[in-house]
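For reference, protein30.cif (mmCIF, C-alpha atoms):
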data_target
loop_
_atom_site.label_atom_id
_atom_site.label_comp_id
_atom_site.auth_asym_id
_atom_site.auth_seq_id
_atom_site.Cartn_x
_atom_site.Cartn_y
_atom_site.Cartn_z
CA MET A 170 91.85 82.79 53.08
CA SER A 171 91.41 86.51 53.55
CA LEU A 172 91.77 88.29 56.88
CA HIS A 173 88.01 88.67 57.19
CA GLU A 174 87.39 84.96 56.68
CA PHE A 175 90.16 84.09 59.13
CA ALA A 176 88.64 86.40 61.77
CA ARG A 177 85.19 84.82 61.35
CA TRP A 178 86.68 81.32 61.46
CA SER A 179 88.75 81.98 64.59
CA LEU A 180 85.76 83.55 66.36
CA ASP A 181 83.59 80.52 65.55
CA ILE A 182 86.22 78.04 66.73
CA SER A 183 87.00 79.92 69.92
CA LEU A 184 83.28 80.31 70.76
CA SER A 185 82.77 76.56 70.44
CA VAL A 186 85.86 75.80 72.53
CA ALA A 187 84.79 78.35 75.15
CA LEU A 188 81.32 76.83 75.46
CA VAL A 189 82.84 73.37 75.97
CA LEU A 190 85.36 74.61 78.55
CA LEU A 191 82.77 76.62 80.48
CA SER A 192 80.40 73.65 80.55
CA ALA A 193 83.22 71.51 81.93
CA ALA A 194 83.94 74.19 84.54
CA PHE A 195 80.26 74.24 85.50
CA LEU A 196 80.15 70.47 85.92
CA ILE A 197 83.37 70.32 87.94
CA THR A 198 82.19 73.11 90.24
CA VAL A 199 78.85 71.35 90.79
CA THR A 200 80.82 68.19 91.61
CA ARG A 201 82.72 70.10 94.27
CA ILE A 202 79.50 71.56 95.69
CA VAL A 203 77.98 68.09 95.99
CA MET A 204 81.17 66.50 97.33
CA GLY A 205 82.39 69.45 99.39
CA PRO A 206 83.32 68.18 102.82
CA THR A 207 82.64 71.45 104.63
CA LEU A 208 80.22 74.37 104.36
CA PRO A 209 82.85 76.94 103.21
CA ASP A 210 83.71 74.64 100.30
CA ARG A 211 80.10 74.72 99.17
CA VAL A 212 79.87 78.49 99.57
CA LEU A 213 83.05 78.86 97.52
CA GLY A 214 81.57 76.58 94.87
CA LEU A 215 78.45 78.75 94.66
CA ASP A 216 80.62 81.86 94.28
CA MET A 217 82.57 80.18 91.49
CA LEU A 218 79.30 79.09 89.89
CA THR A 219 78.09 82.69 89.62
CA SER A 220 81.37 83.81 88.08
CA VAL A 221 81.25 80.98 85.52
CA ALA A 222 77.63 81.95 84.77
CA ILE A 223 78.72 85.54 84.10
CA GLY A 224 81.34 84.23 81.68
CA PHE A 225 78.68 82.06 80.03
CA ILE A 226 76.42 85.10 79.58
CA ALA A 227 79.29 87.00 77.96
CA VAL A 228 79.99 84.12 75.53
CA ILE A 229 76.30 83.78 74.67
CA GLY A 230 76.16 87.55 74.11
CA ILE A 231 79.06 87.37 71.65
CA ASP A 232 77.65 84.29 69.92
CA THR A 233 74.02 85.32 69.43
CA GLY A 234 74.11 89.12 69.76
CA PHE A 235 71.64 89.12 72.65
CA THR A 236 73.60 91.72 74.63
CA LEU A 237 70.53 92.40 76.77
CA TYR A 238 71.80 89.70 79.12
CA ILE A 239 74.69 91.88 80.33
CA ASP A 240 72.29 93.57 82.75
CA ILE A 241 71.44 90.13 84.08
CA ALA A 242 75.18 89.43 84.43
CA ILE A 243 75.65 92.58 86.52
CA ALA A 244 72.67 91.67 88.72
CA LEU A 245 73.97 88.11 89.05
CA GLY A 246 77.35 89.41 90.19
CA LEU A 247 75.68 91.58 92.81
CA VAL A 248 73.49 88.74 94.07
CA GLY A 249 76.45 86.35 94.16
CA PHE A 250 78.54 88.83 96.15
CA LEU A 251 75.76 89.46 98.65
CA ALA A 252 75.06 85.72 98.99
CA THR A 253 78.73 85.00 99.68
CA VAL A 254 78.91 87.78 102.27
CA ALA A 255 75.74 86.57 103.98
CA LEU A 256 76.92 82.95 104.04
CA ALA A 257 80.32 84.02 105.40
CA ARG A 258 78.52 85.88 108.18
CA PHE A 259 76.47 82.74 108.79
CA ILE A 260 79.60 80.58 109.02
CA MET A 261 81.07 83.04 111.52
CA ALA A 262 77.85 83.22 113.54
CA ARG A 263 77.47 79.45 113.66
CA GLY A 264 80.91 79.30 115.25
CA LYS A 265 81.51 75.55 114.88
CA THR A 266 83.16 73.36 112.31
CA GLU A 267 81.62 70.10 111.17
CA GLU A 268 84.28 68.10 113.05
CA GLU A 269 83.42 69.83 116.32
CA ARG A 270 79.73 69.09 115.84
CA VAL A 271 80.50 65.40 115.16
CA GLU A 272 82.66 65.28 118.30
CA GLN A 273 79.89 66.88 120.35
CA LEU A 274 77.30 64.43 119.06
CA GLN A 275 79.62 61.48 119.76
CA ALA A 276 80.31 62.75 123.28
CA ALA A 277 76.57 63.12 123.89
CA ALA A 278 75.95 59.59 122.57
CA ASN A 279 78.70 58.16 124.75
CA ALA A 280 77.32 59.95 127.79
CA ALA A 281 73.84 58.58 127.07
CA ARG A 282 75.25 55.07 126.68
CA ALA A 283 77.17 55.38 129.95
CA GLY A 284 73.97 56.57 131.62
CA GLU A 285 72.10 53.49 130.40
CA LYS A 286 74.72 51.10 131.82
CA THR A 287 74.78 52.52 135.34
CA MET B 186 90.53 95.60 58.62
CA ILE B 187 90.34 97.07 62.12
CA ALA B 188 87.12 95.13 62.76
CA ASP B 189 88.79 91.88 61.69
CA ILE B 190 91.81 92.46 63.93
CA SER B 191 89.58 93.27 66.90
CA THR B 192 87.58 90.11 66.18
CA ILE B 193 90.79 88.07 66.28
CA ILE B 194 91.83 89.75 69.55
CA ALA B 195 88.37 89.00 70.97
CA SER B 196 88.62 85.35 69.98
CA LEU B 197 92.00 85.09 71.71
CA LEU B 198 90.48 86.69 74.82
CA ILE B 199 87.57 84.22 74.70
CA LEU B 200 89.95 81.28 74.51
CA ALA B 201 92.15 82.57 77.35
CA GLY B 202 89.20 83.49 79.56
CA SER B 203 87.43 80.17 79.21
CA ALA B 204 90.75 78.38 79.82
CA PHE B 205 91.19 80.41 83.02
CA ALA B 206 87.66 79.49 84.14
CA ALA B 207 88.27 75.80 83.43
CA VAL B 208 91.60 75.88 85.32
CA ALA B 209 89.87 77.56 88.27
CA ALA B 210 87.21 74.85 88.34
CA LEU B 211 89.92 72.18 88.14
CA GLY B 212 91.68 73.87 91.07
CA ILE B 213 88.46 73.81 93.08
CA LEU B 214 88.20 70.09 92.42
CA ARG B 215 91.81 69.09 92.99
CA LEU B 216 93.32 71.33 95.69
CA PRO B 217 93.45 69.94 99.23
CA ASP B 218 91.78 72.46 101.57
CA ILE B 219 89.40 75.40 101.60
CA TYR B 220 92.11 78.08 101.54
CA THR B 221 93.97 76.76 98.51
CA ARG B 222 90.66 76.19 96.73
CA MET B 223 89.74 79.78 97.46
CA HIS B 224 93.04 80.92 95.97
CA ALA B 225 92.17 79.11 92.72
CA ALA B 226 88.55 80.24 92.52
CA SER B 227 88.87 83.88 93.45
CA LYS B 228 91.87 84.69 91.27
CA ALA B 229 91.62 82.52 88.17
CA GLY B 230 87.82 82.48 88.18
CA SER B 231 87.40 86.25 88.30
CA VAL B 232 90.11 86.80 85.67
CA GLY B 233 88.35 84.27 83.42
CA SER B 234 84.95 85.92 83.51
CA ALA B 235 86.51 89.40 83.30
CA MET B 236 88.36 88.38 80.11
CA LEU B 237 85.12 87.05 78.60
CA LEU B 238 83.33 90.32 79.41
CA ILE B 239 86.19 92.33 77.86
CA ALA B 240 85.88 90.20 74.71
CA LEU B 241 82.17 91.04 74.65
CA ALA B 242 83.04 94.75 75.00
CA ILE B 243 85.46 94.49 72.05
CA THR B 244 83.02 92.76 69.71
CA ALA B 245 79.92 94.78 70.65
CA ASP B 246 78.84 97.52 68.26
CA GLU B 247 76.86 99.87 70.48
CA THR B 248 78.49 102.13 73.06
CA PRO B 249 76.02 101.39 75.93
CA VAL B 250 76.74 97.68 75.64
CA VAL B 251 80.50 98.33 75.77
CA LEU B 252 80.13 100.57 78.81
CA ARG B 253 77.90 98.07 80.58
CA ALA B 254 80.35 95.24 79.96
CA LEU B 255 83.24 97.33 81.29
CA ALA B 256 81.15 98.35 84.31
CA ALA B 257 80.44 94.67 84.97
CA VAL B 258 84.20 93.96 84.80
CA ALA B 259 84.98 96.77 87.25
CA PHE B 260 82.24 95.68 89.63
CA PHE B 261 83.34 92.07 89.48
CA LEU B 262 87.00 92.90 90.11
CA LEU B 263 85.94 95.05 93.07
CA THR B 264 83.71 92.49 94.76
CA ALA B 265 85.47 89.16 94.14
CA PRO B 266 88.48 89.80 96.46
CA ILE B 267 86.22 91.17 99.20
CA SER B 268 83.94 88.14 99.24
CA ALA B 269 86.88 85.72 99.10
CA HIS B 270 88.67 87.50 101.93
CA LEU B 271 85.53 87.55 104.06
CA LEU B 272 84.88 83.85 103.49
CA ALA B 273 88.50 82.96 104.32
CA LYS B 274 88.45 85.12 107.46
CA ALA B 275 85.17 83.58 108.61
CA SER B 276 86.24 79.99 108.03
CA TYR B 277 89.66 80.57 109.65
CA SER B 278 88.28 82.24 112.74
CA VAL B 279 85.68 79.50 113.19
CA GLY B 280 88.47 76.94 113.10
CA TYR B 281 88.56 75.12 109.78
CA ARG B 282 92.02 73.66 109.64
CA MET B 283 94.61 74.17 106.95
CA TRP B 284 96.02 71.28 104.97
CA GLU B 285 98.73 69.31 106.83
CA GLY B 286 101.25 70.16 104.11
CA SER B 287 100.89 73.93 104.57
CA VAL B 288 104.21 75.50 105.58
CA LEU B 289 103.16 78.77 107.22
CA ASP B 290 100.27 79.92 109.40
CA GLU B 291 100.87 83.39 110.76
CA MET B 292 97.47 83.97 112.37
CA PRO B 293 96.88 82.95 115.97
CA PRO B 294 93.64 81.12 116.75
CA VAL B 295 90.82 83.63 117.25
CA ASP B 296 87.67 83.30 119.31
CA PRO B 297 84.87 83.69 116.76
CA THR B 298 82.40 85.39 119.08
CA LEU B 299 84.79 87.78 120.84
CA GLY B 300 87.11 88.48 117.91
CA VAL B 301 90.26 88.36 120.07
CA ALA B 302 93.23 86.04 119.90
CA LYS B 303 93.14 83.13 122.31
CA ALA B 304 96.88 82.50 122.55
CA PRO B 305 100.12 83.52 120.83
CA PRO B 306 100.90 81.46 117.73
CA PRO B 307 102.61 78.17 118.57
CA GLN B 308 106.36 78.26 118.12
CA GLY B 309 107.82 75.35 116.23
CA PRO B 310 109.32 74.21 112.98
CA VAL B 311 106.04 74.86 111.20
CA THR B 312 105.68 78.57 111.98
CA SER B 313 109.35 79.59 112.11
CA VAL B 314 110.07 79.01 108.43
CA GLY B 315 110.22 82.68 107.54
CA GLU B 316 111.96 83.89 110.71
CA SER B 317 114.90 81.53 111.15
CA GLN B 318 116.73 82.63 108.03
#
Take the structure in the file and write it out as structure tokens.
Amino acid sequence: MSLHEFARWSLDISLSVALVLLSAAFLITVTRIVMGPTLPDRVLGLDMLTSVAIGFIAVIGIDTGFTLYIDIAIALGLVGFLATVALARFIMARGKTEEERVEQLQAAANAARAGEKT
Amino acid sequence: MIADISTIIASLLILAGSAFAAVAALGILRLPDIYTRMHAASKAGSVGSAMLLIALAITADETPVVLRALAAVAFFLLTAPISAHLLAKASYSVGYRMWEGSVLDEMPPVDPTLGVAKAPPPQGPVTSVGESQ
């Protein structure tokens, strides 16, 4: 096998492996977004999803030669960054964790129940 | 000759980058709390996609494509730490707790609306790990 053939072969193999690994990363991140116990976990999953999508665009660009998508990758990075910043501001503005909200709701329910008894 | 060697280097970068992305996703799934998950996603994830973009820059033929890929890498490496830091700061100041097995928490609790510390950090075996040596 000449060097040229070996280079082609290794590029083909590594592109296939990369597509499989990135698909697995996508699925696992979506699992975390669905499972995610708190809101910051979901925001972090969305951030990770955009970075995996940028990697996917790069691999597709190498594989098919459609390098036009790099512009989309840059725009996707910008949108992902701004979305994460906005959601972080939202988490800070909301000012409560999920546990605190559950405690508040339980306290309100207990108070209502106590009001019914008396 | 040179083209073949650069193709081989690019295929190694593709393998390493996708492995980094997969490890980052695995870290997001397996690590116990939001801060450790953030450590996996923002470091390994951004390195993974940056490596894939560098591989694209190596294999591309035209100069504008190479420059755009490198610009995307630079932009991504600039913004990923900022967004991760902001998210961690927001979730810490709101009061999301760290994992029980964490050994060190140097920040005092902060009022999210005023931005000032409520109380000095609690003294105890948990926080004095680095000081008692």
Name the residues that the PyMOL selection byres ((chain A and resi 261) around 10) pulls out of this structure, and write them as a ChimeraX atom specification.
-> /A:255-260,262-266 /B:271-272,274-280,297-298
With the PyMOL selection byres ((chain B) within 7 of (chain A)) as the selection, what would be picked from this file? Answer as a compact mmCIF listing (two decimals) with C-alpha atoms, in the frame of the given file, please.
# COMPACT_ATOMS: atom_id res chain seq x y z
CA ASP B 189 88.79 91.88 61.69
CA THR B 192 87.58 90.11 66.18
CA ILE B 193 90.79 88.07 66.28
CA SER B 196 88.62 85.35 69.98
CA ILE B 199 87.57 84.22 74.70
CA LEU B 200 89.95 81.28 74.51
CA SER B 203 87.43 80.17 79.21
CA ALA B 204 90.75 78.38 79.82
CA ALA B 206 87.66 79.49 84.14
CA ALA B 207 88.27 75.80 83.43
CA ALA B 210 87.21 74.85 88.34
CA LEU B 211 89.92 72.18 88.14
CA ILE B 213 88.46 73.81 93.08
CA LEU B 214 88.20 70.09 92.42
CA ILE B 219 89.40 75.40 101.60
CA MET B 223 89.74 79.78 97.46
CA ALA B 226 88.55 80.24 92.52
CA GLY B 230 87.82 82.48 88.18
CA SER B 231 87.40 86.25 88.30
CA SER B 234 84.95 85.92 83.51
CA LEU B 237 85.12 87.05 78.60
CA LEU B 238 83.33 90.32 79.41
CA LEU B 241 82.17 91.04 74.65
CA THR B 244 83.02 92.76 69.71
CA VAL B 250 76.74 97.68 75.64
CA ARG B 253 77.90 98.07 80.58
CA ALA B 254 80.35 95.24 79.96
CA ALA B 257 80.44 94.67 84.97
CA PHE B 261 83.34 92.07 89.48
CA THR B 264 83.71 92.49 94.76
CA SER B 268 83.94 88.14 99.24
CA LEU B 271 85.53 87.55 104.06
CA LEU B 272 84.88 83.85 103.49
CA ALA B 275 85.17 83.58 108.61
CA SER B 276 86.24 79.99 108.03
CA VAL B 279 85.68 79.50 113.19
CA GLY B 280 88.47 76.94 113.10
CA TYR B 281 88.56 75.12 109.78
CA PRO B 297 84.87 83.69 116.76
Have a look at CA of His224 in chain B and CA of Val271 in chain A and let me know their distance in Å, one decimal.
-> 27.7 Å
Report the distance between CA of Phe205 in chain B and CA of Ala269 in chain B in Å, rounded to one decimal place.
-> 17.5 Å
As AutoDock Vina command-line options, please report the centre and edge lengths, rounded to one decimal in Å, of the axis-aligned box that holds all listed atoms of range 205-209 of chain A with 4 Å of padding on each of the six sides.
--center_x 81.8 --center_y 72.6 --center_z 102.0 --size_x 11.1 --size_y 16.8 --size_z 13.2
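You will find CA of Val288 in chain B at 16.2 Å from CA of Arg222 in chain B.
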Between B:Met186, B:Ile239, B:Ala209, B:Leu262, which has the minimum distance to Ala225 in chain B (counting all atoms listed in the file)?
-> B:Ala209
Atoms added to range 189-215 of chain B (N, CA and C atoms), reported as a PDB file, keeping the file's coordinate frame:
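The new file result35.pdb reads:
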ATOM      1  N   ASP B 189      88.307  93.268  61.718  1.00  0.00           N
ATOM      2  CA  ASP B 189      88.790  91.880  61.690  1.00  0.00           C
ATOM      3  C   ASP B 189      89.845  91.656  62.767  1.00  0.00           C
ATOM      4  N   ILE B 190      90.757  92.627  62.903  1.00  0.00           N
ATOM      5  CA  ILE B 190      91.810  92.460  63.930  1.00  0.00           C
ATOM      6  C   ILE B 190      91.196  92.433  65.324  1.00  0.00           C
ATOM      7  N   SER B 191      90.200  93.298  65.560  1.00  0.00           N
ATOM      8  CA  SER B 191      89.580  93.270  66.900  1.00  0.00           C
ATOM      9  C   SER B 191      88.812  91.977  67.116  1.00  0.00           C
ATOM     10  N   THR B 192      88.246  91.408  66.029  1.00  0.00           N
ATOM     11  CA  THR B 192      87.580  90.110  66.180  1.00  0.00           C
ATOM     12  C   THR B 192      88.575  89.023  66.570  1.00  0.00           C
ATOM     13  N   ILE B 193      89.772  89.068  65.948  1.00  0.00           N
ATOM     14  CA  ILE B 193      90.790  88.070  66.280  1.00  0.00           C
ATOM     15  C   ILE B 193      91.248  88.233  67.730  1.00  0.00           C
ATOM     16  N   ILE B 194      91.435  89.509  68.151  1.00  0.00           N
ATOM     17  CA  ILE B 194      91.830  89.750  69.550  1.00  0.00           C
ATOM     18  C   ILE B 194      90.744  89.232  70.492  1.00  0.00           C
ATOM     19  N   ALA B 195      89.469  89.469  70.125  1.00  0.00           N
ATOM     20  CA  ALA B 195      88.370  89.000  70.970  1.00  0.00           C
ATOM     21  C   ALA B 195      88.343  87.483  71.045  1.00  0.00           C
ATOM     22  N   SER B 196      88.643  86.814  69.910  1.00  0.00           N
ATOM     23  CA  SER B 196      88.620  85.350  69.980  1.00  0.00           C
ATOM     24  C   SER B 196      89.753  84.820  70.841  1.00  0.00           C
ATOM     25  N   LEU B 197      90.921  85.496  70.807  1.00  0.00           N
ATOM     26  CA  LEU B 197      92.000  85.090  71.710  1.00  0.00           C
ATOM     27  C   LEU B 197      91.602  85.296  73.171  1.00  0.00           C
ATOM     28  N   LEU B 198      90.928  86.429  73.442  1.00  0.00           N
ATOM     29  CA  LEU B 198      90.480  86.690  74.820  1.00  0.00           C
ATOM     30  C   LEU B 198      89.462  85.649  75.272  1.00  0.00           C
ATOM     31  N   ILE B 199      88.574  85.236  74.339  1.00  0.00           N
ATOM     32  CA  ILE B 199      87.570  84.220  74.700  1.00  0.00           C
ATOM     33  C   ILE B 199      88.266  82.911  75.056  1.00  0.00           C
ATOM     34  N   LEU B 200      89.235  82.523  74.224  1.00  0.00           N
ATOM     35  CA  LEU B 200      89.950  81.280  74.510  1.00  0.00           C
ATOM     36  C   LEU B 200      90.663  81.353  75.860  1.00  0.00           C
ATOM     37  N   ALA B 201      91.390  82.460  76.101  1.00  0.00           N
ATOM     38  CA  ALA B 201      92.150  82.570  77.350  1.00  0.00           C
ATOM     39  C   ALA B 201      91.213  82.623  78.555  1.00  0.00           C
ATOM     40  N   GLY B 202      90.110  83.368  78.425  1.00  0.00           N
ATOM     41  CA  GLY B 202      89.200  83.490  79.560  1.00  0.00           C
ATOM     42  C   GLY B 202      88.535  82.187  79.915  1.00  0.00           C
ATOM     43  N   SER B 203      88.082  81.443  78.883  1.00  0.00           N
ATOM     44  CA  SER B 203      87.430  80.170  79.210  1.00  0.00           C
ATOM     45  C   SER B 203      88.455  79.173  79.737  1.00  0.00           C
ATOM     46  N   ALA B 204      89.721  79.265  79.260  1.00  0.00           N
ATOM     47  CA  ALA B 204      90.750  78.380  79.820  1.00  0.00           C
ATOM     48  C   ALA B 204      91.004  78.713  81.281  1.00  0.00           C
ATOM     49  N   PHE B 205      91.019  80.017  81.618  1.00  0.00           N
ATOM     50  CA  PHE B 205      91.190  80.410  83.020  1.00  0.00           C
ATOM     51  C   PHE B 205      90.053  79.873  83.871  1.00  0.00           C
ATOM     52  N   ALA B 206      88.806  79.982  83.364  1.00  0.00           N
ATOM     53  CA  ALA B 206      87.660  79.490  84.140  1.00  0.00           C
ATOM     54  C   ALA B 206      87.756  77.980  84.346  1.00  0.00           C
ATOM     55  N   ALA B 207      88.171  77.262  83.299  1.00  0.00           N
ATOM     56  CA  ALA B 207      88.270  75.800  83.430  1.00  0.00           C
ATOM     57  C   ALA B 207      89.377  75.438  84.414  1.00  0.00           C
ATOM     58  N   VAL B 208      90.515  76.171  84.380  1.00  0.00           N
ATOM     59  CA  VAL B 208      91.600  75.880  85.320  1.00  0.00           C
ATOM     60  C   VAL B 208      91.161  76.177  86.753  1.00  0.00           C
ATOM     61  N   ALA B 209      90.364  77.242  86.931  1.00  0.00           N
ATOM     62  CA  ALA B 209      89.870  77.560  88.270  1.00  0.00           C
ATOM     63  C   ALA B 209      88.965  76.453  88.789  1.00  0.00           C
ATOM     64  N   ALA B 210      88.095  75.935  87.909  1.00  0.00           N
ATOM     65  CA  ALA B 210      87.210  74.850  88.340  1.00  0.00           C
ATOM     66  C   ALA B 210      88.020  73.601  88.671  1.00  0.00           C
ATOM     67  N   LEU B 211      89.060  73.340  87.863  1.00  0.00           N
ATOM     68  CA  LEU B 211      89.920  72.180  88.140  1.00  0.00           C
ATOM     69  C   LEU B 211      90.633  72.357  89.479  1.00  0.00           C
ATOM     70  N   GLY B 212      91.054  73.604  89.777  1.00  0.00           N
ATOM     71  CA  GLY B 212      91.680  73.870  91.070  1.00  0.00           C
ATOM     72  C   GLY B 212      90.721  73.650  92.207  1.00  0.00           C
ATOM     73  N   ILE B 213      89.462  74.060  92.030  1.00  0.00           N
ATOM     74  CA  ILE B 213      88.460  73.810  93.080  1.00  0.00           C
ATOM     75  C   ILE B 213      88.312  72.322  93.312  1.00  0.00           C
ATOM     76  N   LEU B 214      88.384  71.537  92.237  1.00  0.00           N
ATOM     77  CA  LEU B 214      88.200  70.090  92.420  1.00  0.00           C
ATOM     78  C   LEU B 214      89.416  69.435  93.047  1.00  0.00           C
ATOM     79  N   ARG B 215      90.628  69.877  92.673  1.00  0.00           N
ATOM     80  CA  ARG B 215      91.810  69.090  92.990  1.00  0.00           C
ATOM     81  C   ARG B 215      92.587  69.551  94.219  1.00  0.00           C
TER      82      ARG B 215
END
